[in-house]
$ cat structure_34.pdb   # PDB, C-alpha atoms, pLDDT in the B column
ATOM      1  CA  MET A   1     107.671 120.831  49.545  1.00 50.00           C
ATOM      2  CA  ALA A   2     107.133 120.003  53.218  1.00 57.00           C
ATOM      3  CA  TYR A   3     107.741 122.574  55.904  1.00 56.00           C
ATOM      4  CA  GLY A   4     111.338 122.486  57.119  1.00 56.00           C
ATOM      5  CA  SER A   5     112.614 120.439  54.188  1.00 55.00           C
ATOM      6  CA  GLU A   6     115.716 121.557  52.346  1.00 64.00           C
ATOM      7  CA  ARG A   7     114.903 124.125  49.685  1.00 57.00           C
ATOM      8  CA  PRO A   8     116.883 124.242  46.470  1.00 59.00           C
ATOM      9  CA  ARG A   9     119.219 127.237  46.459  1.00 56.00           C
ATOM     10  CA  ARG A  10     119.027 129.754  43.688  1.00 58.00           C
ATOM     11  CA  GLU A  11     122.244 130.176  41.766  1.00 66.00           C
ATOM     12  CA  ASN A  12     122.480 133.779  42.954  1.00 66.00           C
ATOM     13  CA  SER A  13     121.205 133.573  46.539  1.00 80.00           C
ATOM     14  CA  LYS A  14     122.144 137.168  47.436  1.00 90.00           C
ATOM     15  CA  VAL A  15     119.183 139.055  48.886  1.00 91.00           C
ATOM     16  CA  THR A  16     118.726 142.561  47.529  1.00 94.00           C
ATOM     17  CA  CYS A  17     116.924 145.420  49.209  1.00 95.00           C
ATOM     18  CA  ASP A  18     116.280 148.628  47.299  1.00 96.00           C
ATOM     19  CA  VAL A  19     115.120 151.522  49.493  1.00 96.00           C
ATOM     20  CA  LEU A  20     112.678 153.489  47.348  1.00 97.00           C
ATOM     21  CA  GLU A  21     111.616 156.010  49.986  1.00 98.00           C
ATOM     22  CA  ASN A  22     112.680 156.826  53.535  1.00 97.00           C
ATOM     23  CA  LEU A  23     109.515 157.608  55.503  1.00 97.00           C
ATOM     24  CA  VAL A  24     110.989 158.335  58.930  1.00 97.00           C
ATOM     25  CA  VAL A  25     114.048 157.839  61.100  1.00 97.00           C
ATOM     26  CA  PHE A  26     112.680 157.108  64.565  1.00 97.00           C
ATOM     27  CA  GLY A  27     116.013 157.583  66.297  1.00 97.00           C
ATOM     28  CA  GLN A  28     119.707 156.781  66.311  1.00 97.00           C
ATOM     29  CA  ARG A  29     121.688 154.630  68.746  1.00 96.00           C
ATOM     30  CA  LYS A  30     124.401 156.707  70.370  1.00 96.00           C
ATOM     31  CA  ASP A  31     126.809 153.783  70.763  1.00 96.00           C
ATOM     32  CA  SER A  32     126.776 152.508  67.171  1.00 96.00           C
ATOM     33  CA  GLY A  33     125.084 155.102  64.988  1.00 97.00           C
ATOM     34  CA  TRP A  34     122.503 152.563  63.800  1.00 98.00           C
ATOM     35  CA  THR A  35     119.106 154.122  62.976  1.00 98.00           C
ATOM     36  CA  LYS A  36     115.619 152.655  63.377  1.00 98.00           C
ATOM     37  CA  GLU A  37     113.736 153.512  60.183  1.00 98.00           C
ATOM     38  CA  ALA A  38     110.499 153.023  58.297  1.00 98.00           C
ATOM     39  CA  ASN A  39     111.106 152.760  54.547  1.00 98.00           C
ATOM     40  CA  ILE A  40     109.355 151.700  51.376  1.00 98.00           C
ATOM     41  CA  VAL A  41     111.554 148.927  49.961  1.00 98.00           C
ATOM     42  CA  CYS A  42     111.646 146.299  47.228  1.00 97.00           C
ATOM     43  CA  TRP A  43     113.093 142.929  48.213  1.00 97.00           C
ATOM     44  CA  ASN A  44     114.756 141.039  45.352  1.00 96.00           C
ATOM     45  CA  GLY A  45     113.128 143.300  42.770  1.00 96.00           C
ATOM     46  CA  GLY A  46     109.631 142.561  44.067  1.00 97.00           C
ATOM     47  CA  SER A  47     106.747 144.918  44.753  1.00 97.00           C
ATOM     48  CA  PRO A  48     107.188 147.865  47.172  1.00 97.00           C
ATOM     49  CA  LYS A  49     106.483 147.142  50.845  1.00 98.00           C
ATOM     50  CA  LEU A  50     106.682 148.997  54.164  1.00 98.00           C
ATOM     51  CA  ASP A  51     109.797 147.912  56.057  1.00 98.00           C
ATOM     52  CA  ILE A  52     110.728 148.773  59.660  1.00 98.00           C
ATOM     53  CA  ARG A  53     114.189 147.858  60.973  1.00 98.00           C
ATOM     54  CA  GLU A  54     117.557 149.240  62.112  1.00 98.00           C
ATOM     55  CA  TRP A  55     120.305 150.137  59.628  1.00 97.00           C
ATOM     56  CA  ASP A  56     124.017 150.771  60.086  1.00 97.00           C
ATOM     57  CA  PRO A  57     125.253 154.314  59.318  1.00 96.00           C
ATOM     58  CA  ASP A  58     126.298 153.340  55.755  1.00 96.00           C
ATOM     59  CA  HIS A  59     123.041 151.481  54.978  1.00 94.00           C
ATOM     60  CA  GLU A  60     125.051 148.353  54.171  1.00 94.00           C
ATOM     61  CA  ARG A  61     123.942 146.158  57.086  1.00 95.00           C
ATOM     62  CA  MET A  62     120.541 145.769  58.675  1.00 96.00           C
ATOM     63  CA  SER A  63     118.926 144.138  61.687  1.00 97.00           C
ATOM     64  CA  LYS A  64     115.968 141.795  61.678  1.00 97.00           C
ATOM     65  CA  GLY A  65     112.816 143.749  61.062  1.00 97.00           C
ATOM     66  CA  VAL A  66     109.280 143.553  59.795  1.00 98.00           C
ATOM     67  CA  THR A  67     108.046 143.988  56.238  1.00 98.00           C
ATOM     68  CA  LEU A  68     104.369 144.629  55.524  1.00 98.00           C
ATOM     69  CA  TYR A  69     102.373 144.417  52.308  1.00 97.00           C
ATOM     70  CA  GLU A  70     100.362 147.551  51.481  1.00 96.00           C
ATOM     71  CA  ALA A  71      97.103 146.117  52.855  1.00 97.00           C
ATOM     72  CA  GLU A  72      98.862 145.133  56.107  1.00 97.00           C
ATOM     73  CA  ALA A  73     100.427 148.605  56.419  1.00 97.00           C
ATOM     74  CA  GLU A  74      97.029 150.248  55.870  1.00 96.00           C
ATOM     75  CA  LYS A  75      95.467 148.027  58.541  1.00 97.00           C
ATOM     76  CA  LEU A  76      98.283 148.907  60.956  1.00 96.00           C
ATOM     77  CA  ALA A  77      97.814 152.623  60.219  1.00 95.00           C
ATOM     78  CA  ARG A  78      94.073 152.395  60.939  1.00 95.00           C
ATOM     79  CA  ILE A  79      94.697 150.524  64.200  1.00 96.00           C
ATOM     80  CA  LEU A  80      97.367 153.008  65.314  1.00 94.00           C
ATOM     81  CA  CYS A  81      95.136 155.979  64.478  1.00 95.00           C
ATOM     82  CA  LYS A  82      92.323 154.451  66.539  1.00 94.00           C
ATOM     83  CA  ARG A  83      94.723 153.525  69.359  1.00 95.00           C
ATOM     84  CA  TYR A  84      96.159 157.040  69.606  1.00 93.00           C
ATOM     85  CA  GLY A  85      92.968 158.958  68.863  1.00 93.00           C
ATOM     86  CA  ILE A  86      94.040 160.350  65.493  1.00 91.00           C
ATOM     87  CA  SER A  87      91.242 161.106  63.042  1.00 83.00           C
ATOM     88  CA  GLU A  88      91.458 160.408  59.307  1.00 71.00           C
ATOM     89  CA  GLY A  89      92.349 164.064  58.736  1.00 72.00           C
ATOM     90  CA  GLY A  90      95.396 163.642  60.971  1.00 70.00           C
ATOM     91  CA  SER A  91      94.230 165.599  64.025  1.00 75.00           C
ATOM     92  CA  LYS A  92      94.237 164.108  67.490  1.00 74.00           C
ATOM     93  CA  GLU A  93      90.822 163.497  68.971  1.00 70.00           C
ATOM     94  CA  LYS A  94      90.114 164.416  72.587  1.00 61.00           C
ATOM     95  CA  ARG A  95      90.025 161.343  74.760  1.00 58.00           C
ATOM     96  CA  SER A  96      89.220 160.941  78.408  1.00 51.00           C
ATOM     97  CA  ALA A  97      91.715 159.710  80.997  1.00 47.00           C
ATOM     98  CA  ASP A  98      89.516 156.704  81.769  1.00 48.00           C
ATOM     99  CA  ASP A  99      89.230 155.563  78.132  1.00 51.00           C
ATOM    100  CA  GLU A 100      90.690 152.044  78.392  1.00 48.00           C
ATOM    101  CA  ASP A 101      90.996 151.683  74.614  1.00 47.00           C
ATOM    102  CA  PHE A 102      93.667 154.374  74.540  1.00 42.00           C
ATOM    103  CA  ALA A 103      95.368 154.053  77.931  1.00 41.00           C
ATOM    104  CA  PHE A 104      98.863 152.625  78.274  1.00 39.00           C
ATOM    105  CA  ALA A 105      99.411 150.132  81.058  1.00 39.00           C
ATOM    106  CA  GLY A 106     100.771 152.043  84.017  1.00 35.00           C
ATOM    107  CA  GLY A 107     100.273 155.546  82.605  1.00 38.00           C
ATOM    108  CA  ASP A 108      98.594 157.762  80.089  1.00 41.00           C
ATOM    109  CA  GLY A 109      99.380 157.816  76.374  1.00 42.00           C
ATOM    110  CA  ASP A 110     100.569 161.420  76.332  1.00 45.00           C
ATOM    111  CA  ALA A 111     103.269 160.723  78.942  1.00 41.00           C
ATOM    112  CA  ALA A 112     104.578 157.752  76.957  1.00 41.00           C
ATOM    113  CA  GLU A 113     104.434 159.738  73.705  1.00 44.00           C
ATOM    114  CA  ASN A 114     106.333 162.631  75.308  1.00 43.00           C
ATOM    115  CA  ALA A 115     109.004 160.249  76.609  1.00 42.00           C
ATOM    116  CA  MET A 116     109.469 158.723  73.135  1.00 45.00           C
ATOM    117  CA  THR A 117     109.658 162.198  71.546  1.00 44.00           C
ATOM    118  CA  GLU A 118     112.266 163.344  74.081  1.00 46.00           C
ATOM    119  CA  GLU A 119     114.315 160.177  73.522  1.00 46.00           C
ATOM    120  CA  ALA A 120     114.191 160.632  69.734  1.00 45.00           C
ATOM    121  CA  GLU A 121     115.278 164.260  70.074  1.00 49.00           C
ATOM    122  CA  GLU A 122     118.218 163.106  72.199  1.00 50.00           C
ATOM    123  CA  GLY A 123     119.165 160.578  69.516  1.00 49.00           C
ATOM    124  CA  GLY A 124     118.210 157.352  71.297  1.00 48.00           C
ATOM    125  CA  THR A 125     115.893 154.518  70.332  1.00 45.00           C
ATOM    126  CA  SER A 126     113.882 152.133  72.392  1.00 42.00           C
TER
END
$ encode --input "structure_34.pdb" --output "structure tokens"
Amino acid sequence: MAYGSERPRRENSKVTCDVLENLVVFGQRKDSGWTKEANIVCWNGGSPKLDIREWDPDHERMSKGVTLYEAEAEKLARILCKRYGISEGGSKEKRSADDEDFAFAGGDGDAAENAMTEEAEEGGTS
């Protein structure tokens, strides 16, 4: 079937999402109560995947998000650990202020991390 061509619809075209495990709630929007979460989910009864998106307070509606296969999630974890100086054992490695691999544009990583932590503690999301 060519890209963009009309696909035949399944008789039951309802998409199902089963949340198997909630990994983390990053924060909650004060205005709506929606939460940004990382979960292990199964889409349409398929294999478990890492899913990151916002959910309404009743977990009935969701925003657009990203779903990663296990290998993609592992690659992301390795990249994030390297980016933020976290060793395989989970401890943060000492990094210098002039280490360009770990510096945020316009500031240092610890300042940005502290700002995100404070926002999450106040119940906001970015």
$ closest_residue --input "structure_34.pdb" --among "A:Glu93, A:Ile40, A:Gly46, A:Asp51" --to "Ser63 (chain A)" --atoms "only C-alpha atoms"
A:Asp51
$ atom_distance --input "structure_34.pdb" --atom1 "CA of Asn44 (chain A)" --atom2 "CA of Pro57 (chain A)"
21.9 Å
$ atom_distance --input "structure_34.pdb" --atom1 "CA of Leu23 (chain A)" --atom2 "CA of Glu74 (chain A)"
14.5 Å
$ atom_distance --input "structure_34.pdb" --atom1 "CA of Lys30 (chain A)" --atom2 "CA of Trp55 (chain A)"
13.2 Å
$ residues_around --input "structure_34.pdb" --residues "Gly90 (chain A)" --least-positions-apart "5" --cutoff "12 Å" --atoms "all atoms listed in the file" --output "VMD selection string"
chain A and resid 77 to 78 80 to 82 84 to 85
$ residues_around --input "structure_34.pdb" --residues "Glu21 (chain A)" --least-positions-apart "6" --cutoff "10 Å" --atoms "all atoms listed in the file" --output "list of chain:residue names"
A:Ala38, A:Asn39, A:Ile40, A:Val41, A:Pro48, A:Leu50
$ write_last_selection --input "structure_34.pdb" --atoms "C-alpha atoms" --output "compact mmCIF listing (two decimals), in the frame of the given file"
# COMPACT_ATOMS: atom_id res chain seq x y z
CA ALA A 38 110.50 153.02 58.30
CA ASN A 39 111.11 152.76 54.55
CA ILE A 40 109.36 151.70 51.38
CA VAL A 41 111.55 148.93 49.96
CA PRO A 48 107.19 147.86 47.17
CA LEU A 50 106.68 149.00 54.16
$ closest_residue --input "structure_34.pdb" --among "A:Glu54, A:Glu37, A:Glu88, A:Glu60" --to "Val25 (chain A)" --atoms "all atoms listed in the file"
A:Glu37
$ decode --input "structure_34.pdb" --residues "region 39-60 of chain A" --atoms "N, CA and C atoms" --output "PDB file, in the first residue's frame"
ATOM      1  N   ASN A  39       5.009   5.775  31.549  1.00  0.00           N
ATOM      2  CA  ASN A  39       4.363   4.511  31.889  1.00  0.00           C
ATOM      3  C   ASN A  39       4.853   3.402  30.981  1.00  0.00           C
ATOM      4  N   ILE A  40       4.682   2.175  31.436  1.00  0.00           N
ATOM      5  CA  ILE A  40       4.839   1.007  30.573  1.00  0.00           C
ATOM      6  C   ILE A  40       3.424   0.643  30.137  1.00  0.00           C
ATOM      7  N   VAL A  41       3.183   0.652  28.823  1.00  0.00           N
ATOM      8  CA  VAL A  41       1.831   0.430  28.304  1.00  0.00           C
ATOM      9  C   VAL A  41       1.838  -0.627  27.200  1.00  0.00           C
ATOM     10  N   CYS A  42       0.660  -1.175  26.954  1.00  0.00           N
ATOM     11  CA  CYS A  42       0.419  -2.041  25.797  1.00  0.00           C
ATOM     12  C   CYS A  42      -0.637  -1.362  24.942  1.00  0.00           C
ATOM     13  N   TRP A  43      -0.317  -1.095  23.697  1.00  0.00           N
ATOM     14  CA  TRP A  43      -1.274  -0.531  22.751  1.00  0.00           C
ATOM     15  C   TRP A  43      -1.950  -1.667  21.999  1.00  0.00           C
ATOM     16  N   ASN A  44      -3.266  -1.681  22.013  1.00  0.00           N
ATOM     17  CA  ASN A  44      -4.051  -2.682  21.273  1.00  0.00           C
ATOM     18  C   ASN A  44      -3.603  -4.113  21.566  1.00  0.00           C
ATOM     19  N   GLY A  45      -3.269  -4.382  22.825  1.00  0.00           N
ATOM     20  CA  GLY A  45      -2.883  -5.723  23.227  1.00  0.00           C
ATOM     21  C   GLY A  45      -1.491  -6.142  22.790  1.00  0.00           C
ATOM     22  N   GLY A  46      -0.705  -5.201  22.286  1.00  0.00           N
ATOM     23  CA  GLY A  46       0.637  -5.507  21.802  1.00  0.00           C
ATOM     24  C   GLY A  46       1.645  -5.652  22.932  1.00  0.00           C
ATOM     25  N   SER A  47       2.909  -5.652  22.566  1.00  0.00           N
ATOM     26  CA  SER A  47       3.984  -5.815  23.544  1.00  0.00           C
ATOM     27  C   SER A  47       4.159  -4.539  24.367  1.00  0.00           C
ATOM     28  N   PRO A  48       4.665  -4.670  25.603  1.00  0.00           N
ATOM     29  CA  PRO A  48       4.864  -3.496  26.473  1.00  0.00           C
ATOM     30  C   PRO A  48       5.891  -2.529  25.882  1.00  0.00           C
ATOM     31  N   LYS A  49       5.611  -1.233  26.044  1.00  0.00           N
ATOM     32  CA  LYS A  49       6.496  -0.179  25.557  1.00  0.00           C
ATOM     33  C   LYS A  49       6.522   0.956  26.575  1.00  0.00           C
ATOM     34  N   LEU A  50       7.588   1.762  26.535  1.00  0.00           N
ATOM     35  CA  LEU A  50       7.666   2.969  27.351  1.00  0.00           C
ATOM     36  C   LEU A  50       6.846   4.047  26.660  1.00  0.00           C
ATOM     37  N   ASP A  51       5.999   4.733  27.421  1.00  0.00           N
ATOM     38  CA  ASP A  51       5.123   5.752  26.851  1.00  0.00           C
ATOM     39  C   ASP A  51       5.204   7.000  27.717  1.00  0.00           C
ATOM     40  N   ILE A  52       5.424   8.158  27.095  1.00  0.00           N
ATOM     41  CA  ILE A  52       5.507   9.432  27.806  1.00  0.00           C
ATOM     42  C   ILE A  52       4.480  10.372  27.192  1.00  0.00           C
ATOM     43  N   ARG A  53       3.538  10.846  28.019  1.00  0.00           N
ATOM     44  CA  ARG A  53       2.497  11.759  27.551  1.00  0.00           C
ATOM     45  C   ARG A  53       1.749  12.326  28.749  1.00  0.00           C
ATOM     46  N   GLU A  54       0.815  13.246  28.488  1.00  0.00           N
ATOM     47  CA  GLU A  54      -0.042  13.800  29.535  1.00  0.00           C
ATOM     48  C   GLU A  54      -1.371  13.054  29.563  1.00  0.00           C
ATOM     49  N   TRP A  55      -1.913  12.904  30.768  1.00  0.00           N
ATOM     50  CA  TRP A  55      -3.190  12.223  30.993  1.00  0.00           C
ATOM     51  C   TRP A  55      -4.128  13.131  31.786  1.00  0.00           C
ATOM     52  N   ASP A  56      -5.431  13.017  31.520  1.00  0.00           N
ATOM     53  CA  ASP A  56      -6.398  13.749  32.322  1.00  0.00           C
ATOM     54  C   ASP A  56      -6.474  13.095  33.709  1.00  0.00           C
ATOM     55  N   PRO A  57      -7.087  13.776  34.685  1.00  0.00           N
ATOM     56  CA  PRO A  57      -7.113  13.246  36.052  1.00  0.00           C
ATOM     57  C   PRO A  57      -7.746  11.857  36.181  1.00  0.00           C
ATOM     58  N   ASP A  58      -8.677  11.503  35.292  1.00  0.00           N
ATOM     59  CA  ASP A  58      -9.351  10.203  35.367  1.00  0.00           C
ATOM     60  C   ASP A  58      -8.694   9.125  34.502  1.00  0.00           C
ATOM     61  N   HIS A  59      -7.595   9.474  33.836  1.00  0.00           N
ATOM     62  CA  HIS A  59      -6.897   8.558  32.930  1.00  0.00           C
ATOM     63  C   HIS A  59      -7.820   8.027  31.829  1.00  0.00           C
ATOM     64  N   GLU A  60      -8.723   8.890  31.367  1.00  0.00           N
ATOM     65  CA  GLU A  60      -9.612   8.521  30.265  1.00  0.00           C
ATOM     66  C   GLU A  60      -9.200   9.170  28.955  1.00  0.00           C
TER      67      GLU A  60
END
